[in-house]
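Have a look at the structure below before the remarks.
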Amino acid sequence: MDFKLTEEQLMIQQAARDFAQAELLPGVIERDEHSKFPTEAVKIMGELGFLGMMVDPKYGGSGLDSVSYVLAMEEIAKVDASAAVVMSVNNSLVCAGMEKYCNEEQKMKYLVPLAKGEKIGAFCLSEPEAGSDATSQKTTAVDMGDYYLLNGTKNWITNGATASTYLVIAQTDVEKGHKGINAFIVEKGWEGFEIGPKEKKMGIRGSDTHSLMFTDVKVPKENRIGEDGFGFAFAMNVLNGGRIGIASQALGIAQGAYELSLKYAKERKAFKTEIINHQAIAFKLADMATQISAARMLCFKAAAEKDNGEDISISGAMAKLFASKTAMDTTIEAVQIHGGNGYVAEYHVERMMRDAKITQIYEGTSEIQKIVISRGIAK
Ligand code: CAA
Ligand code: FAD
């Protein structure tokens, strides 16, 4: 076992760090305050190859390994968790799902612009009545011969308005339960496809989250992904990898809050000494550093297993479960270490605390990760 990063991985980490400092840090507070999407920064992310990091260069991607992806996600989430979720959805749900399961025509038409960052993708599984209970899909796609007729509503979709390409999960045969579900590639602008208003959120306010409404949308047959009935397996397998992305986002939020707290604790004085000299504060920092280090190892392990082609359902869920708790615990303590300043936007940690919460909810809540892990280990 080698705990050293390669030259290439170190280079990617540095490039992501430089990008985050130069392009994301300025304006992050303002974007949070006004729920503003980081349009310019996302464009640059695409140019730098951060939106199709693991995609084969023949499909427009950067051809990097998953550990490099974890490193880049951490650096970006450390500064701006909203930009990180845009990156995570595009990379590990949309591009990864398309590269693994789409046919050549679909890849050339849809994957290439997504991997290059010329277009943004969205992954549409959740519905008003089917979040954790994802097999209870109410959106239907009726086989009409050479096209499907799509009807229904998707909820809380990340990149909802920014995306051009949407992977939509829908029920095609109720009798068959989750084996009667399919996944489709849907384009923005198709007749009957409406985008709801932007959600007002507690955190990751720079990302755009929307409901999507489909009314008699005609989806050409060639836009179905895989064999008939493959949609639920598609969604689950894609989410196994996606959870590494969200775990890395959580890791980055935690690392960001920790670094700010360490610096603050060395500078801020109370009772004639820097607060780091009070053991109550020093121990908080020790706990943060330990939890973050463990979270990072779980992310690396799941990423390395993914690159080895192993089943990552358990390791991905473990990484997300642990890293998201780390993000929450760390950011709460970061606010505490900052005292009154911790409650003020200028010091960043209050935003990080709000951003951290979502990592315990999306791509499967922490309770769902425990279901995935416990079912996996019981097998
Ligand atoms: N990997 C591969 N296959 C899996 C799987 C996994 N992690 N979990 C379940 N499956 C398969 C099962 O093997 C089964 O297939 P077979 O019948 O062929 O064996 C099928 O899926 C149904 O599984 P269960 O019988 O376990 O179904 P269930 O209804 O009891 O539970 C669940 C399923 C695991 C809870 C699933 O519904 C789930 O993962 N829910 C959470 C949904 C989720 O993560 N949504 C995220 C939306 S995207 C998002 O959030 C993006 C973002 O924010 C940025
Ligand atoms: P519910 O399923 O109603 O759960 C409510 C509570 O009950 C949770 O605590 C849950 O853990 C618990 N619970 C439910 N079932 C069980 C059980 N069997 N055992 C124990 N506890 C249980 N979805 C997408 O498809 N694409 C996206 O891009 C996307 N982006 C999102 C962005 C944001 C900002 C948000 C808020 C959500 C996003 N989602 C997206 C949806 C997200 O994946 C769901 O919100 C999440 O899966 C939980 O579903 P739910 O909200 O319906 O909660």
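Every chain in the structure tokens has a letter given in the order shown (A, B, ...), and although residue numbers restart at 1 in each chain, ligands are simply numbered from 1 in the order shown.
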If you count only C-alpha atoms and all ligand atoms, which residues end up within 8 Å of ligand 2, as an NGL selection string? :A and (89 or 122-134 or 154-160 or 201 or 203-204 or 207 or 209 or 358 or 361-368 or 371)
Range 31-46 of chain A surroundings by only C-alpha atoms, 10 Å radius, close-in-sequence under 3 positions cut, as a PyMOL selection string: chain A and resi 16+19-20+22-24+26-28+49-53+61+80+82-84+86-87+113-120+159+162+198-208+345+351+355
Give me a file of those residues, with N, CA and C atoms, as a short mmCIF file (atom, residue, chain, number, x, y, z; two decimals), in the first residue's frame.
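Dumped to out_36.cif:
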```cif
data_model
loop_
_atom_site.label_atom_id
_atom_site.label_comp_id
_atom_site.auth_asym_id
_atom_site.auth_seq_id
_atom_site.Cartn_x
_atom_site.Cartn_y
_atom_site.Cartn_z
N ALA A 16 -6.09 22.53 -9.22
CA ALA A 16 -7.43 22.78 -8.67
C ALA A 16 -7.36 23.82 -7.56
N PHE A 19 -6.87 27.23 -9.16
CA PHE A 19 -8.12 27.65 -9.78
C PHE A 19 -9.11 28.15 -8.72
N ALA A 20 -9.23 27.39 -7.64
CA ALA A 20 -10.21 27.74 -6.60
C ALA A 20 -9.85 29.08 -5.96
N ALA A 22 -8.05 31.51 -7.30
CA ALA A 22 -8.13 32.63 -8.25
C ALA A 22 -9.55 32.91 -8.72
N GLU A 23 -10.31 31.86 -8.97
CA GLU A 23 -11.60 32.05 -9.65
C GLU A 23 -12.82 31.88 -8.75
N LEU A 24 -12.67 31.13 -7.65
CA LEU A 24 -13.86 30.87 -6.83
C LEU A 24 -13.91 31.72 -5.56
N PRO A 26 -12.82 34.81 -4.82
CA PRO A 26 -13.43 36.14 -4.96
C PRO A 26 -14.91 35.98 -5.35
N GLY A 27 -15.77 36.53 -4.56
CA GLY A 27 -17.20 36.49 -4.93
C GLY A 27 -17.98 35.35 -4.30
N VAL A 28 -17.30 34.47 -3.55
CA VAL A 28 -18.05 33.32 -3.01
C VAL A 28 -19.12 33.76 -2.00
N GLY A 49 -10.58 21.24 -17.93
CA GLY A 49 -10.79 19.78 -17.96
C GLY A 49 -11.36 19.22 -16.68
N PHE A 50 -11.91 20.09 -15.80
CA PHE A 50 -12.45 19.60 -14.52
C PHE A 50 -13.89 19.08 -14.63
N LEU A 51 -14.50 19.21 -15.80
CA LEU A 51 -15.90 18.76 -15.88
C LEU A 51 -16.06 17.38 -16.51
N GLY A 52 -14.96 16.88 -17.06
CA GLY A 52 -14.99 15.50 -17.60
C GLY A 52 -13.70 14.80 -17.22
N MET A 53 -13.37 14.89 -15.94
CA MET A 53 -12.04 14.48 -15.49
C MET A 53 -11.68 13.03 -15.80
N GLY A 61 -12.76 13.97 -22.71
CA GLY A 61 -12.43 14.10 -21.29
C GLY A 61 -10.94 14.22 -21.03
N ASP A 80 -15.57 26.61 -2.47
CA ASP A 80 -16.93 26.88 -2.91
C ASP A 80 -17.68 25.56 -3.15
N SER A 82 -20.73 25.09 -3.73
CA SER A 82 -21.72 25.15 -4.81
C SER A 82 -21.09 24.78 -6.14
N ALA A 83 -19.91 25.34 -6.41
CA ALA A 83 -19.21 24.99 -7.65
C ALA A 83 -18.88 23.50 -7.65
N ALA A 84 -18.57 22.98 -6.47
CA ALA A 84 -18.18 21.56 -6.37
C ALA A 84 -19.34 20.64 -6.73
N VAL A 86 -21.76 21.26 -8.85
CA VAL A 86 -21.92 21.34 -10.31
C VAL A 86 -20.94 20.36 -10.95
N MET A 87 -19.71 20.41 -10.43
CA MET A 87 -18.64 19.54 -10.94
C MET A 87 -18.95 18.07 -10.67
N PRO A 113 -19.64 16.94 -25.73
CA PRO A 113 -19.77 18.33 -25.23
C PRO A 113 -19.85 18.44 -23.70
N LEU A 114 -20.38 17.39 -23.05
CA LEU A 114 -20.47 17.44 -21.57
C LEU A 114 -19.08 17.27 -20.96
N ALA A 115 -18.31 16.35 -21.50
CA ALA A 115 -16.97 16.10 -20.95
C ALA A 115 -16.05 17.29 -21.18
N LYS A 116 -16.27 18.00 -22.30
CA LYS A 116 -15.46 19.19 -22.58
C LYS A 116 -15.93 20.40 -21.77
N GLY A 117 -17.08 20.27 -21.14
CA GLY A 117 -17.62 21.39 -20.36
C GLY A 117 -18.31 22.42 -21.24
N GLU A 118 -18.55 22.06 -22.51
CA GLU A 118 -19.26 23.01 -23.39
C GLU A 118 -20.75 23.02 -23.03
N LYS A 119 -21.18 21.87 -22.50
CA LYS A 119 -22.57 21.78 -22.01
C LYS A 119 -22.53 21.19 -20.61
N ILE A 120 -23.61 21.42 -19.86
CA ILE A 120 -23.70 20.90 -18.49
C ILE A 120 -24.84 19.89 -18.44
N ASN A 159 -28.29 21.67 -11.20
CA ASN A 159 -28.04 22.14 -12.57
C ASN A 159 -29.35 22.20 -13.36
N THR A 162 -29.36 25.26 -15.63
CA THR A 162 -28.11 25.47 -16.36
C THR A 162 -27.85 24.37 -17.38
N LYS A 198 -36.30 28.55 -9.32
CA LYS A 198 -35.13 28.15 -8.54
C LYS A 198 -35.52 27.99 -7.07
N GLU A 199 -35.08 26.90 -6.45
CA GLU A 199 -35.37 26.70 -5.02
C GLU A 199 -34.55 27.67 -4.17
N LYS A 200 -35.16 28.16 -3.07
CA LYS A 200 -34.43 29.00 -2.11
C LYS A 200 -33.89 28.07 -1.05
N LYS A 201 -32.57 27.99 -0.92
CA LYS A 201 -31.98 26.95 -0.10
C LYS A 201 -31.19 27.46 1.11
N MET A 202 -31.01 26.54 2.08
CA MET A 202 -30.19 26.83 3.26
C MET A 202 -28.71 27.00 2.87
N GLY A 203 -28.24 26.10 2.05
CA GLY A 203 -26.82 26.14 1.66
C GLY A 203 -26.65 25.85 0.19
N ILE A 204 -25.41 25.63 -0.21
CA ILE A 204 -25.01 25.52 -1.63
C ILE A 204 -25.92 26.42 -2.49
N ARG A 205 -26.02 27.66 -2.04
CA ARG A 205 -26.96 28.59 -2.67
C ARG A 205 -26.51 29.05 -4.05
N GLY A 206 -25.23 28.86 -4.36
CA GLY A 206 -24.74 29.21 -5.70
C GLY A 206 -25.13 28.18 -6.76
N SER A 207 -25.52 26.98 -6.32
CA SER A 207 -25.92 25.96 -7.30
C SER A 207 -27.40 26.15 -7.61
N ASP A 208 -27.81 25.77 -8.83
CA ASP A 208 -29.23 25.99 -9.13
C ASP A 208 -30.00 24.68 -9.06
N ALA A 345 -20.80 36.37 7.94
CA ALA A 345 -20.49 35.85 6.60
C ALA A 345 -19.02 35.99 6.21
N ARG A 351 -21.18 29.90 6.34
CA ARG A 351 -21.63 29.36 5.05
C ARG A 351 -21.27 27.88 4.93
N ASP A 355 -23.59 24.81 4.11
CA ASP A 355 -23.31 23.97 2.93
C ASP A 355 -23.14 22.50 3.32
#
```
Enumerate as a PDB file with C-alpha atoms, in the first residue's frame all residues of range 162-378 of chain A assigned to alpha helix (DSSP H) by DSSP on the backbone, naming them with the chain letters and numbers the document uses.
```pdb
ATOM      1  CA  GLY A 231     -32.993   2.251 -15.814  1.00  0.00           C
ATOM      2  CA  PHE A 232     -32.998   1.465 -12.092  1.00  0.00           C
ATOM      3  CA  ALA A 233     -29.797  -0.568 -12.248  1.00  0.00           C
ATOM      4  CA  PHE A 234     -28.331   2.344 -14.241  1.00  0.00           C
ATOM      5  CA  ALA A 235     -29.323   4.848 -11.534  1.00  0.00           C
ATOM      6  CA  MET A 236     -28.007   2.707  -8.662  1.00  0.00           C
ATOM      7  CA  ASN A 237     -24.699   1.933 -10.348  1.00  0.00           C
ATOM      8  CA  VAL A 238     -24.164   5.565 -11.314  1.00  0.00           C
ATOM      9  CA  LEU A 239     -24.961   6.669  -7.760  1.00  0.00           C
ATOM     10  CA  ASN A 240     -22.359   4.280  -6.329  1.00  0.00           C
ATOM     11  CA  GLY A 241     -19.696   6.352  -8.115  1.00  0.00           C
ATOM     12  CA  GLY A 242     -21.501   9.643  -7.545  1.00  0.00           C
ATOM     13  CA  ARG A 243     -21.282   9.136  -3.806  1.00  0.00           C
ATOM     14  CA  ILE A 244     -17.477   9.384  -4.050  1.00  0.00           C
ATOM     15  CA  GLY A 245     -17.979  12.843  -5.566  1.00  0.00           C
ATOM     16  CA  ILE A 246     -20.250  14.000  -2.733  1.00  0.00           C
ATOM     17  CA  ALA A 247     -17.944  12.422  -0.141  1.00  0.00           C
ATOM     18  CA  SER A 248     -15.093  14.475  -1.640  1.00  0.00           C
ATOM     19  CA  GLN A 249     -17.251  17.577  -1.591  1.00  0.00           C
ATOM     20  CA  ALA A 250     -17.917  16.972   2.124  1.00  0.00           C
ATOM     21  CA  LEU A 251     -14.206  16.359   2.693  1.00  0.00           C
ATOM     22  CA  GLY A 252     -13.374  19.677   1.037  1.00  0.00           C
ATOM     23  CA  ILE A 253     -15.919  21.598   3.121  1.00  0.00           C
ATOM     24  CA  ALA A 254     -14.455  20.050   6.294  1.00  0.00           C
ATOM     25  CA  GLN A 255     -10.854  20.746   5.263  1.00  0.00           C
ATOM     26  CA  GLY A 256     -11.715  24.350   4.404  1.00  0.00           C
ATOM     27  CA  ALA A 257     -13.377  24.932   7.772  1.00  0.00           C
ATOM     28  CA  TYR A 258     -10.499  23.246   9.584  1.00  0.00           C
ATOM     29  CA  GLU A 259      -7.809  25.343   7.878  1.00  0.00           C
ATOM     30  CA  LEU A 260      -9.646  28.573   8.679  1.00  0.00           C
ATOM     31  CA  SER A 261     -10.155  27.456  12.294  1.00  0.00           C
ATOM     32  CA  LEU A 262      -6.505  26.515  12.819  1.00  0.00           C
ATOM     33  CA  LYS A 263      -5.372  29.878  11.489  1.00  0.00           C
ATOM     34  CA  TYR A 264      -7.919  31.746  13.599  1.00  0.00           C
ATOM     35  CA  ALA A 265      -7.053  29.812  16.759  1.00  0.00           C
ATOM     36  CA  LYS A 266      -3.373  30.729  16.338  1.00  0.00           C
ATOM     37  CA  GLU A 267      -4.178  34.425  15.933  1.00  0.00           C
ATOM     38  CA  GLN A 279      -7.037  22.841  25.572  1.00  0.00           C
ATOM     39  CA  ALA A 280     -10.778  22.949  24.847  1.00  0.00           C
ATOM     40  CA  ILE A 281      -9.982  24.627  21.512  1.00  0.00           C
ATOM     41  CA  ALA A 282      -6.869  22.562  20.761  1.00  0.00           C
ATOM     42  CA  PHE A 283      -8.807  19.327  21.277  1.00  0.00           C
ATOM     43  CA  LYS A 284     -11.522  20.470  18.866  1.00  0.00           C
ATOM     44  CA  LEU A 285      -8.792  20.962  16.247  1.00  0.00           C
ATOM     45  CA  ALA A 286      -7.316  17.549  17.047  1.00  0.00           C
ATOM     46  CA  ASP A 287     -10.710  15.896  16.560  1.00  0.00           C
ATOM     47  CA  MET A 288     -11.253  17.768  13.291  1.00  0.00           C
ATOM     48  CA  ALA A 289      -7.845  16.774  11.903  1.00  0.00           C
ATOM     49  CA  THR A 290      -8.357  13.128  12.851  1.00  0.00           C
ATOM     50  CA  GLN A 291     -11.855  12.855  11.390  1.00  0.00           C
ATOM     51  CA  ILE A 292     -10.800  14.626   8.176  1.00  0.00           C
ATOM     52  CA  SER A 293      -7.827  12.340   7.733  1.00  0.00           C
ATOM     53  CA  ALA A 294     -10.056   9.264   8.125  1.00  0.00           C
ATOM     54  CA  ALA A 295     -12.628  10.707   5.698  1.00  0.00           C
ATOM     55  CA  ARG A 296      -9.905  11.345   3.124  1.00  0.00           C
ATOM     56  CA  MET A 297      -8.684   7.748   3.391  1.00  0.00           C
ATOM     57  CA  LEU A 298     -12.221   6.429   2.824  1.00  0.00           C
ATOM     58  CA  CYS A 299     -12.544   8.653  -0.266  1.00  0.00           C
ATOM     59  CA  PHE A 300      -9.201   7.459  -1.637  1.00  0.00           C
ATOM     60  CA  LYS A 301     -10.073   3.821  -0.931  1.00  0.00           C
ATOM     61  CA  ALA A 302     -13.411   4.011  -2.745  1.00  0.00           C
ATOM     62  CA  ALA A 303     -11.775   5.913  -5.641  1.00  0.00           C
ATOM     63  CA  ALA A 304      -8.931   3.384  -5.957  1.00  0.00           C
ATOM     64  CA  GLU A 305     -11.420   0.501  -5.871  1.00  0.00           C
ATOM     65  CA  LYS A 306     -13.465   2.185  -8.590  1.00  0.00           C
ATOM     66  CA  ASP A 307     -10.383   2.449 -10.799  1.00  0.00           C
ATOM     67  CA  SER A 313     -21.443   0.124  -3.446  1.00  0.00           C
ATOM     68  CA  ILE A 314     -20.200  -0.336   0.131  1.00  0.00           C
ATOM     69  CA  SER A 315     -16.994   1.706   0.004  1.00  0.00           C
ATOM     70  CA  GLY A 316     -18.719   4.619  -1.785  1.00  0.00           C
ATOM     71  CA  ALA A 317     -21.534   4.638   0.781  1.00  0.00           C
ATOM     72  CA  MET A 318     -19.061   4.440   3.670  1.00  0.00           C
ATOM     73  CA  ALA A 319     -17.032   7.342   2.284  1.00  0.00           C
ATOM     74  CA  LYS A 320     -20.164   9.479   1.875  1.00  0.00           C
ATOM     75  CA  LEU A 321     -21.617   8.550   5.269  1.00  0.00           C
ATOM     76  CA  PHE A 322     -18.411   9.311   7.134  1.00  0.00           C
ATOM     77  CA  ALA A 323     -17.233  12.342   5.159  1.00  0.00           C
ATOM     78  CA  SER A 324     -20.638  14.047   5.378  1.00  0.00           C
ATOM     79  CA  LYS A 325     -20.715  13.604   9.156  1.00  0.00           C
ATOM     80  CA  THR A 326     -17.165  14.924   9.274  1.00  0.00           C
ATOM     81  CA  ALA A 327     -18.238  17.989   7.294  1.00  0.00           C
ATOM     82  CA  MET A 328     -21.145  18.641   9.651  1.00  0.00           C
ATOM     83  CA  ASP A 329     -19.160  18.052  12.883  1.00  0.00           C
ATOM     84  CA  THR A 330     -16.189  20.079  11.673  1.00  0.00           C
ATOM     85  CA  THR A 331     -18.140  23.077  10.454  1.00  0.00           C
ATOM     86  CA  ILE A 332     -20.201  23.291  13.671  1.00  0.00           C
ATOM     87  CA  GLU A 333     -16.970  23.340  15.689  1.00  0.00           C
ATOM     88  CA  ALA A 334     -15.396  25.797  13.237  1.00  0.00           C
ATOM     89  CA  VAL A 335     -18.176  28.284  13.985  1.00  0.00           C
ATOM     90  CA  GLN A 336     -17.629  27.687  17.714  1.00  0.00           C
ATOM     91  CA  ILE A 337     -13.872  28.282  17.453  1.00  0.00           C
ATOM     92  CA  VAL A 349     -17.441  29.199   8.319  1.00  0.00           C
ATOM     93  CA  GLU A 350     -21.158  29.948   8.791  1.00  0.00           C
ATOM     94  CA  ARG A 351     -21.633  29.365   5.048  1.00  0.00           C
ATOM     95  CA  MET A 352     -19.622  26.168   5.271  1.00  0.00           C
ATOM     96  CA  MET A 353     -21.846  24.950   8.103  1.00  0.00           C
ATOM     97  CA  ARG A 354     -24.945  25.580   5.983  1.00  0.00           C
ATOM     98  CA  ASP A 355     -23.313  23.973   2.930  1.00  0.00           C
ATOM     99  CA  ALA A 356     -22.227  20.892   4.899  1.00  0.00           C
ATOM    100  CA  LYS A 357     -25.784  19.839   5.751  1.00  0.00           C
ATOM    101  CA  ILE A 358     -26.762  18.908   2.211  1.00  0.00           C
ATOM    102  CA  SER A 366     -27.121   9.079   5.741  1.00  0.00           C
ATOM    103  CA  GLU A 367     -29.902   6.683   6.719  1.00  0.00           C
ATOM    104  CA  ILE A 368     -29.955   5.319   3.153  1.00  0.00           C
ATOM    105  CA  GLN A 369     -26.156   4.910   3.168  1.00  0.00           C
ATOM    106  CA  LYS A 370     -26.570   2.764   6.283  1.00  0.00           C
ATOM    107  CA  ILE A 371     -29.177   0.664   4.457  1.00  0.00           C
ATOM    108  CA  VAL A 372     -26.795   0.199   1.513  1.00  0.00           C
ATOM    109  CA  ILE A 373     -23.860  -0.670   3.800  1.00  0.00           C
ATOM    110  CA  SER A 374     -25.817  -2.995   6.106  1.00  0.00           C
ATOM    111  CA  ARG A 375     -27.453  -4.862   3.196  1.00  0.00           C
ATOM    112  CA  GLY A 376     -24.058  -5.142   1.520  1.00  0.00           C
ATOM    113  CA  ILE A 377     -22.240  -6.544   4.529  1.00  0.00           C
ATOM    114  CA  ALA A 378     -25.108  -8.914   5.329  1.00  0.00           C
TER     115      ALA A 378
END
```
I'd like to know which of A:Phe214, A:Pro220, A:Ile276, A:Val94 is closest to ligand 1, using only C-alpha atoms and all ligand atoms.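 Nearest to ligand 1: A:Val94.
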Write out as a PyMOL selection string all residues of range 119-342 of chain A that backbone DSSP assigns to strand (DSSP E). chain A and resi 121-124+140-143+147-158+165-171+181-187+193-198+209-220+269-270+273-274
CA of Ser92 in chain A and CA of Val186 in chain A, how far apart in Å?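 These atoms are spaced 18.1 Å apart.
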I need the residue nearest ligand 1 from this list: A:Thr359, A:Ser66, A:Thr165, A:Thr153. Use only C-alpha atoms and all ligand atoms for the distance. A:Thr359
What gap, in Å, lies between CA of Lys188 in chain A and CA of Gly121 in chain A?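 Distance reported for this atom pair: 10.1 Å.
The closest residue to Thr215 in chain A, picked from A:Asn182, A:Gln21, A:Gln14, A:Thr139 and counting only C-alpha atoms, is A:Thr139.
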For Lys100 in chain A: contacts at 10 Å, only C-alpha atoms, fewer than 2 positions along chain excluded, given as a ChimeraX atom specification: /A:55,95-98,102-103,107,234,237-238
